[in-house]
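File shown: entry_21.txt (compact mmCIF, C-alpha atoms).
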# COMPACT_ATOMS: atom_id res chain seq x y z
CA MET W 1 -6.64 -43.59 -118.36
CA THR W 2 -3.08 -42.33 -118.52
CA GLU W 3 -2.20 -40.67 -121.79
CA ASN W 4 1.13 -41.50 -123.37
CA THR W 5 2.73 -39.26 -125.95
CA GLY W 6 5.72 -40.11 -128.07
CA ALA W 7 8.75 -37.93 -128.54
CA ASN W 8 7.05 -36.37 -131.55
CA GLY W 9 3.89 -35.63 -129.58
CA ASP W 10 1.55 -37.85 -131.64
CA GLU W 11 -1.44 -39.28 -129.80
CA HIS W 12 -4.16 -41.73 -130.72
CA ASN W 13 -6.55 -43.12 -128.12
CA GLY W 14 -4.04 -42.23 -125.45
CA LYS W 15 -1.17 -44.09 -127.09
CA ALA W 16 1.74 -42.90 -129.18
CA VAL W 17 1.50 -44.02 -132.80
CA PRO W 18 3.81 -43.55 -135.77
CA ALA W 19 2.92 -41.13 -138.51
CA PRO W 20 1.07 -42.85 -141.37
CA ARG W 21 3.48 -43.75 -144.15
CA ASP W 22 0.92 -42.89 -146.87
CA THR W 23 0.74 -39.21 -145.88
CA GLY W 24 3.57 -36.72 -145.95
CA GLY W 25 6.13 -39.27 -147.09
CA GLU W 26 7.96 -39.82 -150.34
CA VAL W 27 6.77 -42.67 -152.56
CA ILE W 28 9.79 -44.14 -154.34
CA ARG W 29 8.39 -47.41 -155.67
CA VAL W 30 5.29 -49.56 -156.13
CA ARG W 31 6.21 -53.07 -155.12
CA LYS W 32 4.44 -56.18 -156.42
CA GLY W 33 4.60 -59.61 -154.84
CA MET W 34 6.05 -60.59 -151.51
CA PHE W 35 9.69 -60.10 -152.53
CA GLY W 36 9.37 -57.73 -155.47
CA ALA W 37 10.36 -60.42 -157.97
CA ASN W 38 8.78 -59.85 -161.38
CA ASN W 39 10.33 -62.71 -163.33
CA GLY W 40 8.48 -65.66 -161.81
CA GLY W 41 10.87 -66.01 -158.89
CA ASP W 42 8.25 -65.35 -156.19
CA THR W 43 7.02 -68.76 -155.01
CA SER W 44 5.42 -67.41 -151.83
CA GLY W 45 1.85 -67.36 -153.18
CA TYR W 46 1.67 -63.58 -152.69
CA GLY W 47 2.37 -62.65 -156.31
CA GLY W 48 -0.73 -60.45 -156.42
CA LEU W 49 0.32 -58.29 -153.45
CA VAL W 50 0.75 -54.61 -154.35
CA ARG W 51 2.13 -52.01 -151.95
CA THR W 52 3.91 -48.68 -152.13
CA VAL W 53 7.41 -48.15 -150.74
CA THR W 54 7.29 -44.80 -148.95
CA LEU W 55 10.11 -43.02 -147.14
CA PRO W 56 9.02 -40.83 -144.20
CA GLY W 57 9.04 -37.14 -144.93
CA ALA W 58 10.82 -34.35 -143.07
CA ALA W 59 9.43 -33.52 -139.64
CA SER W 60 8.49 -30.03 -138.52
CA ARG W 61 9.29 -28.44 -135.19
CA PRO W 62 8.73 -28.94 -132.38
CA TYR W 63 9.98 -32.50 -132.65
CA GLY W 64 9.19 -33.18 -129.00
CA GLY W 65 11.14 -34.37 -125.98
CA TRP W 66 14.92 -34.13 -126.18
CA PHE W 67 14.91 -34.25 -129.99
CA ASP W 68 14.72 -30.44 -130.19
CA GLU W 69 17.60 -30.10 -127.73
CA VAL W 70 19.85 -32.34 -129.84
CA ALA W 71 18.84 -30.63 -133.10
CA ASP W 72 19.42 -27.15 -131.64
CA GLU W 73 22.82 -28.07 -130.22
CA LEU W 74 23.95 -29.75 -133.44
CA GLU W 75 22.88 -26.83 -135.61
CA GLY W 76 24.50 -24.32 -133.24
CA ALA W 77 27.76 -26.28 -133.12
CA LEU W 78 27.91 -26.45 -136.93
CA GLU W 79 27.31 -22.73 -137.21
CA GLU W 80 30.23 -22.13 -134.84
CA GLN W 81 32.37 -24.05 -137.35
CA ASP W 82 31.13 -21.79 -140.19
CA LEU W 83 29.05 -24.59 -141.69
CA LEU W 84 25.44 -23.74 -142.47
CA PRO W 85 23.23 -26.47 -140.97
CA GLY W 86 21.04 -26.45 -144.07
CA ASN W 87 24.04 -27.42 -146.20
CA ALA W 88 24.94 -30.38 -143.99
CA ILE W 89 21.53 -31.60 -142.81
CA GLU W 90 19.35 -32.41 -145.81
CA LYS W 91 16.32 -33.22 -143.66
CA THR W 92 15.39 -34.24 -140.14
CA VAL W 93 12.97 -37.13 -139.76
CA VAL W 94 11.00 -38.11 -136.66
CA ASP W 95 9.32 -41.44 -137.29
CA ARG W 96 8.19 -44.10 -134.82
CA ASP W 97 9.61 -42.06 -131.93
CA GLU W 98 13.09 -42.13 -133.49
CA LEU W 99 15.24 -39.22 -134.67
CA THR W 100 17.20 -39.41 -137.94
CA PHE W 101 19.38 -36.73 -139.50
CA HIS W 102 19.88 -37.11 -143.25
CA ILE W 103 23.39 -35.79 -143.89
CA ALA W 104 25.05 -34.69 -147.14
CA ARG W 105 27.92 -37.13 -147.66
CA GLU W 106 30.56 -34.43 -148.11
CA HIS W 107 29.81 -33.19 -144.56
CA LEU W 108 29.40 -36.58 -142.87
CA VAL W 109 32.78 -36.63 -141.09
CA GLN W 110 32.39 -33.10 -139.71
CA VAL W 111 28.86 -33.77 -138.47
CA ALA W 112 29.86 -37.09 -136.88
CA ARG W 113 32.87 -35.50 -135.17
CA THR W 114 30.64 -32.73 -133.81
CA LEU W 115 28.12 -35.25 -132.49
CA ARG W 116 30.92 -37.21 -130.80
CA ASP W 117 32.91 -34.35 -129.29
CA ASP W 118 30.41 -31.64 -128.35
CA PRO W 119 29.85 -31.87 -124.55
CA ALA W 120 26.11 -31.31 -124.91
CA LEU W 121 25.81 -34.11 -127.49
CA ARG W 122 28.50 -36.73 -126.72
CA PHE W 123 27.39 -39.50 -129.08
CA GLU W 124 30.57 -41.38 -128.33
CA LEU W 125 29.52 -44.82 -129.61
CA CYS W 126 28.58 -45.86 -133.14
CA THR W 127 27.07 -49.34 -133.07
CA GLY W 128 27.60 -49.87 -136.78
CA VAL W 129 26.55 -48.89 -140.28
CA SER W 130 23.86 -50.65 -142.31
CA GLY W 131 23.57 -50.56 -146.08
CA VAL W 132 20.23 -50.12 -147.87
CA HIS W 133 19.47 -50.21 -151.59
CA PHE W 134 16.38 -48.41 -152.92
CA LEU W 135 16.13 -48.95 -156.68
CA GLY W 136 13.36 -46.39 -156.98
CA ASP W 137 15.20 -43.64 -155.11
CA LYS W 138 16.76 -42.21 -158.25
CA GLY W 139 20.09 -40.47 -157.80
CA ARG W 140 20.46 -41.73 -154.22
CA GLU W 141 19.87 -45.44 -154.53
CA LEU W 142 22.45 -46.43 -151.90
CA HIS W 143 21.94 -45.45 -148.27
CA ALA W 144 24.26 -45.88 -145.28
CA VAL W 145 22.54 -45.74 -141.89
CA TYR W 146 24.57 -45.10 -138.72
CA HIS W 147 23.28 -45.72 -135.21
CA LEU W 148 24.87 -43.34 -132.70
CA ARG W 149 24.47 -43.76 -128.95
CA SER W 150 25.28 -41.26 -126.23
CA LEU W 151 26.37 -43.17 -123.14
CA THR W 152 26.71 -39.84 -121.34
CA HIS W 153 23.14 -38.68 -121.95
CA GLY W 154 21.41 -42.02 -122.61
CA ARG W 155 20.21 -41.14 -126.11
CA LEU W 156 20.10 -42.88 -129.48
CA ILE W 157 19.89 -41.22 -132.92
CA ARG W 158 20.52 -42.14 -136.54
CA LEU W 159 22.50 -40.57 -139.34
CA GLU W 160 21.54 -41.47 -142.88
CA VAL W 161 23.68 -40.72 -145.94
CA SER W 162 22.86 -41.45 -149.57
CA ALA W 163 24.86 -41.90 -152.77
CA PRO W 164 23.92 -42.82 -156.34
CA ASP W 165 24.63 -46.23 -157.86
CA SER W 166 26.82 -44.46 -160.40
CA ASP W 167 29.02 -42.89 -157.69
CA PRO W 168 28.81 -45.13 -154.59
CA HIS W 169 31.34 -43.19 -152.48
CA ILE W 170 30.78 -42.20 -148.82
CA PRO W 171 33.51 -41.03 -146.41
CA SER W 172 34.70 -43.61 -143.87
CA LEU W 173 34.07 -42.99 -140.17
CA VAL W 174 36.66 -45.50 -138.94
CA GLU W 175 38.93 -42.66 -137.85
CA LEU W 176 36.20 -41.38 -135.51
CA TYR W 177 34.57 -44.71 -134.62
CA PRO W 178 37.14 -47.55 -134.96
CA THR W 179 34.43 -50.19 -134.39
CA ASN W 180 33.03 -49.29 -137.82
CA ASP W 181 35.97 -51.04 -139.46
CA TRP W 182 34.26 -54.38 -140.11
CA HIS W 183 30.78 -52.84 -140.47
CA GLU W 184 31.97 -50.69 -143.37
CA ARG W 185 33.65 -53.71 -144.94
CA GLU W 186 30.38 -55.63 -144.70
CA ALA W 187 28.37 -52.79 -146.28
CA TYR W 188 30.97 -52.63 -149.06
CA ASP W 189 30.90 -56.40 -149.55
CA PHE W 190 27.11 -56.70 -149.84
CA PHE W 191 26.07 -53.31 -151.25
CA GLY W 192 29.14 -51.99 -153.04
CA ILE W 193 29.32 -48.79 -150.98
CA VAL W 194 32.89 -47.49 -151.21
CA PHE W 195 33.97 -45.93 -147.92
CA ASP W 196 36.70 -43.50 -148.86
CA GLY W 197 39.54 -43.44 -146.33
CA HIS W 198 38.88 -46.90 -144.89
CA PRO W 199 42.22 -48.47 -143.86
CA ALA W 200 41.60 -51.80 -145.66
CA LEU W 201 38.33 -51.91 -147.61
CA THR W 202 38.19 -55.55 -148.70
CA ARG W 203 35.42 -58.12 -148.80
CA ILE W 204 34.61 -59.70 -145.47
CA MET W 205 32.18 -62.52 -146.33
CA MET W 206 32.26 -63.14 -150.08
CA PRO W 207 35.37 -64.39 -151.94
CA ASP W 208 37.70 -61.63 -153.09
CA ASP W 209 36.95 -62.31 -156.76
CA TRP W 210 33.15 -62.38 -156.34
CA GLN W 211 31.27 -60.44 -159.01
CA GLY W 212 28.46 -58.14 -157.85
CA PHE W 213 26.97 -57.22 -154.49
CA PRO W 214 24.46 -59.80 -153.18
CA GLN W 215 22.16 -57.52 -151.15
CA ARG W 216 21.45 -55.02 -153.87
CA LYS W 217 17.87 -55.17 -155.09
CA ASP W 218 18.97 -55.68 -158.69
CA TYR W 219 21.14 -58.68 -157.82
CA PRO W 220 19.79 -61.91 -159.39
CA LEU W 221 17.44 -63.66 -156.95
CA GLY W 222 19.05 -67.06 -156.59
CA GLY W 223 20.40 -66.81 -160.11
CA ILE W 224 23.73 -68.34 -159.07
CA ALA W 225 23.92 -72.11 -159.37
CA VAL W 226 24.53 -73.65 -155.94
CA GLU W 227 26.02 -77.08 -155.32
CA TYR W 228 24.92 -79.07 -152.28
CA LYS W 229 26.37 -82.55 -151.85
CA GLY W 230 26.72 -82.93 -155.57
CA ALA W 231 23.21 -81.68 -156.41
CA GLN W 232 22.32 -78.52 -158.31
CA ILE W 233 19.71 -76.15 -156.86
CA PRO W 234 17.98 -74.26 -159.69
CA ALA W 235 17.28 -70.54 -159.58
CA PRO W 236 13.81 -69.55 -158.30
CA ASP W 237 12.49 -68.69 -161.76
CA GLN W 238 13.23 -72.27 -162.80
CA ARG W 239 11.47 -73.91 -159.87
CA ARG W 240 7.87 -74.98 -159.52
CA SER W 241 5.61 -72.04 -158.70
CA TYR W 242 2.72 -72.26 -156.24
CA SER W 243 1.04 -68.94 -157.09
Transcribe the structure of this file into structure tokens.
Amino acid sequence: MTENTGANGDEHNGKAVPAPRDTGGEVIRVRKGMFGANNGGDTSGYGGLVRTVTLPGAASRPYGGWFDEVADELEGALEEQDLLPGNAIEKTVVDRDELTFHIAREHLVQVARTLRDDPALRFELCTGVSGVHFLGDKGRELHAVYHLRSLTHGRLIRLEVSAPDSDPHIPSLVELYPTNDWHEREAYDFFGIVFDGHPALTRIMMPDDWQGFPQRKDYPLGGIAVEYKGAQIPAPDQRRSYS
């Protein structure tokens, strides 16, 4: 039988497997029910489901494959700019054969420019930014996740940046990656992440006067009355429950 190893070198019965989430990770929440609703809004029948929400922990070297090459080049390039890698890169995660650099928000633009322009890195395409809201991740509840692709070297990595609910500011990358224009507007619209330096940070889906950010975990689950052909659809906690 041919043995396959992932980029992080993990093996199990000859096949690459992700690291278990219940070991070495960071538990940020215990979630109950299918959707985490605690006010009677979960009508899925899975109200008794209990699971932990665990973020993968920092990886240790060697990461495996080309991951070490990218990490070494990035750290070396930052040092040449008189920026200590440990000040910019909060942690490096290898999970499910994917490489993610967690970046301090004040150094995001410099790190992204280095990844784009360094000849040995050349991550010249950002395919967008996704917002994430972790209520239990105190002090860094809001996360912005960037997917960077190197067309030159055929590689894909992630950058992840966090900010607290109380200060939801992250630098814009539109200057470096113009295609992020609408992606940053969408993350602002749904999560309330303020991308400082964006040329026109306005809502893109919701009305301009909409209150709140619909994809945050603390946003009311269906708590907004909806009209459909003259009928009113009640909020989930007012509907019949099947659990």
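As for CA of Gly57 (chain W) and CA of Arg216 (chain W), they are spaced 23.5 Å apart.
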Contacts of Ile28 (chain W) within 10 Å, only C-alpha atoms, excl. fewer than 6 positions in-chain, as a PDB file with C-alpha atoms, in the coordinates of the input:
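Done, and the output landed in part-v9.pdb:
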ATOM      1  CA  THR W  52       3.910 -48.680-152.130  1.00  0.00           C
ATOM      2  CA  VAL W  53       7.410 -48.150-150.740  1.00  0.00           C
ATOM      3  CA  THR W  54       7.290 -44.800-148.950  1.00  0.00           C
ATOM      4  CA  LEU W  55      10.110 -43.020-147.140  1.00  0.00           C
ATOM      5  CA  PHE W 134      16.380 -48.410-152.920  1.00  0.00           C
ATOM      6  CA  LEU W 135      16.130 -48.950-156.680  1.00  0.00           C
ATOM      7  CA  GLY W 136      13.360 -46.390-156.980  1.00  0.00           C
ATOM      8  CA  ASP W 137      15.200 -43.640-155.110  1.00  0.00           C
ATOM      9  CA  LYS W 138      16.760 -42.210-158.250  1.00  0.00           C
TER      10      LYS W 138
END
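Close contacts of Ala104 (chain W), defined as residues with an atom at most 9 Å away when counting all atoms listed in the file, with chain neighbours fewer than 6 positions off set aside, comprise W:Asn87, W:Ala88, W:Ile89, W:Glu90, W:Glu160, W:Val161, W:Ser162.
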*Could you state the separation of CA of Met206 (chain W) and CA of Glu106 (chain W) in Å, given to one decimal place?*
28.8 Å
Which residues, written as a PDB file with C-alpha atoms, in the coordinates of the input, have at least one atom at most 10 Å from region 113-128 of chain W, with all atoms listed in the file counted and residues fewer than 4 positions away on the same chain left out?
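out11.pdb was written with the following content:
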ATOM      1  CA  GLU W  69      17.600 -30.100-127.730  1.00  0.00           C
ATOM      2  CA  VAL W  70      19.850 -32.340-129.840  1.00  0.00           C
ATOM      3  CA  ALA W  71      18.840 -30.630-133.100  1.00  0.00           C
ATOM      4  CA  GLU W  73      22.820 -28.070-130.220  1.00  0.00           C
ATOM      5  CA  LEU W  74      23.950 -29.750-133.440  1.00  0.00           C
ATOM      6  CA  GLU W  75      22.880 -26.830-135.610  1.00  0.00           C
ATOM      7  CA  ALA W  77      27.760 -26.280-133.120  1.00  0.00           C
ATOM      8  CA  LEU W  78      27.910 -26.450-136.930  1.00  0.00           C
ATOM      9  CA  GLN W  81      32.370 -24.050-137.350  1.00  0.00           C
ATOM     10  CA  LEU W 108      29.400 -36.580-142.870  1.00  0.00           C
ATOM     11  CA  VAL W 109      32.780 -36.630-141.090  1.00  0.00           C
ATOM     12  CA  ALA W 144      24.260 -45.880-145.280  1.00  0.00           C
ATOM     13  CA  VAL W 145      22.540 -45.740-141.890  1.00  0.00           C
ATOM     14  CA  TYR W 146      24.570 -45.100-138.720  1.00  0.00           C
ATOM     15  CA  HIS W 147      23.280 -45.720-135.210  1.00  0.00           C
ATOM     16  CA  LEU W 148      24.870 -43.340-132.700  1.00  0.00           C
ATOM     17  CA  ARG W 149      24.470 -43.760-128.950  1.00  0.00           C
ATOM     18  CA  SER W 150      25.280 -41.260-126.230  1.00  0.00           C
ATOM     19  CA  LEU W 151      26.370 -43.170-123.140  1.00  0.00           C
ATOM     20  CA  THR W 152      26.710 -39.840-121.340  1.00  0.00           C
ATOM     21  CA  HIS W 153      23.140 -38.680-121.950  1.00  0.00           C
ATOM     22  CA  GLY W 154      21.410 -42.020-122.610  1.00  0.00           C
ATOM     23  CA  ARG W 155      20.210 -41.140-126.110  1.00  0.00           C
ATOM     24  CA  LEU W 156      20.100 -42.880-129.480  1.00  0.00           C
ATOM     25  CA  ILE W 157      19.890 -41.220-132.920  1.00  0.00           C
ATOM     26  CA  ARG W 158      20.520 -42.140-136.540  1.00  0.00           C
ATOM     27  CA  LEU W 173      34.070 -42.990-140.170  1.00  0.00           C
ATOM     28  CA  VAL W 174      36.660 -45.500-138.940  1.00  0.00           C
ATOM     29  CA  GLU W 175      38.930 -42.660-137.850  1.00  0.00           C
ATOM     30  CA  LEU W 176      36.200 -41.380-135.510  1.00  0.00           C
ATOM     31  CA  TYR W 177      34.570 -44.710-134.620  1.00  0.00           C
ATOM     32  CA  PRO W 178      37.140 -47.550-134.960  1.00  0.00           C
ATOM     33  CA  THR W 179      34.430 -50.190-134.390  1.00  0.00           C
ATOM     34  CA  ASN W 180      33.030 -49.290-137.820  1.00  0.00           C
ATOM     35  CA  ASP W 181      35.970 -51.040-139.460  1.00  0.00           C
ATOM     36  CA  TRP W 182      34.260 -54.380-140.110  1.00  0.00           C
ATOM     37  CA  HIS W 183      30.780 -52.840-140.470  1.00  0.00           C
ATOM     38  CA  GLU W 184      31.970 -50.690-143.370  1.00  0.00           C
ATOM     39  CA  ALA W 187      28.370 -52.790-146.280  1.00  0.00           C
TER      40      ALA W 187
END
*Residue nearest Leu99 (chain W) - candidates W:Gly131, W:Gly64, W:Phe191, W:Val50, atoms counted: all atoms listed in the file*: W:Gly64
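Going from CA of Val93 (chain W) over to CA of Ala59 (chain W), you cover 5.1 Å.
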Around the point (28.3, -45.2, -153.5) (coordinates from the file), which residues reach within 9 Å if we count only C-alpha atoms? Answer as an mmCIF file with C-alpha atoms, keeping the file's coordinate frame.
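The resulting result_34.cif:
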data_model
loop_
_atom_site.group_PDB
_atom_site.id
_atom_site.type_symbol
_atom_site.label_atom_id
_atom_site.label_comp_id
_atom_site.auth_asym_id
_atom_site.auth_seq_id
_atom_site.Cartn_x
_atom_site.Cartn_y
_atom_site.Cartn_z
ATOM 1 C CA ARG W 140 20.460 -41.730 -154.220
ATOM 2 C CA GLU W 141 19.870 -45.440 -154.530
ATOM 3 C CA LEU W 142 22.450 -46.430 -151.900
ATOM 4 C CA HIS W 143 21.940 -45.450 -148.270
ATOM 5 C CA SER W 162 22.860 -41.450 -149.570
ATOM 6 C CA ALA W 163 24.860 -41.900 -152.770
ATOM 7 C CA PRO W 164 23.920 -42.820 -156.340
ATOM 8 C CA ASP W 165 24.630 -46.230 -157.860
ATOM 9 C CA SER W 166 26.820 -44.460 -160.400
ATOM 10 C CA ASP W 167 29.020 -42.890 -157.690
ATOM 11 C CA PRO W 168 28.810 -45.130 -154.590
ATOM 12 C CA HIS W 169 31.340 -43.190 -152.480
ATOM 13 C CA ILE W 170 30.780 -42.200 -148.820
ATOM 14 C CA PHE W 191 26.070 -53.310 -151.250
ATOM 15 C CA GLY W 192 29.140 -51.990 -153.040
ATOM 16 C CA ILE W 193 29.320 -48.790 -150.980
ATOM 17 C CA VAL W 194 32.890 -47.490 -151.210
ATOM 18 C CA PHE W 195 33.970 -45.930 -147.920
#
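Shell of Arg203 (chain W) at 7 Å, with only C-alpha atoms counted and residues fewer than 6 places along the chain excluded, is Arg185, Glu186 and Asp189 of chain W.
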*In terms of the shortest atom-to-atom distance over only C-alpha atoms, which of W:Pro85, W:Pro220, W:Gly139, W:Pro207 is closest to Phe101 (chain W)?*
W:Pro85
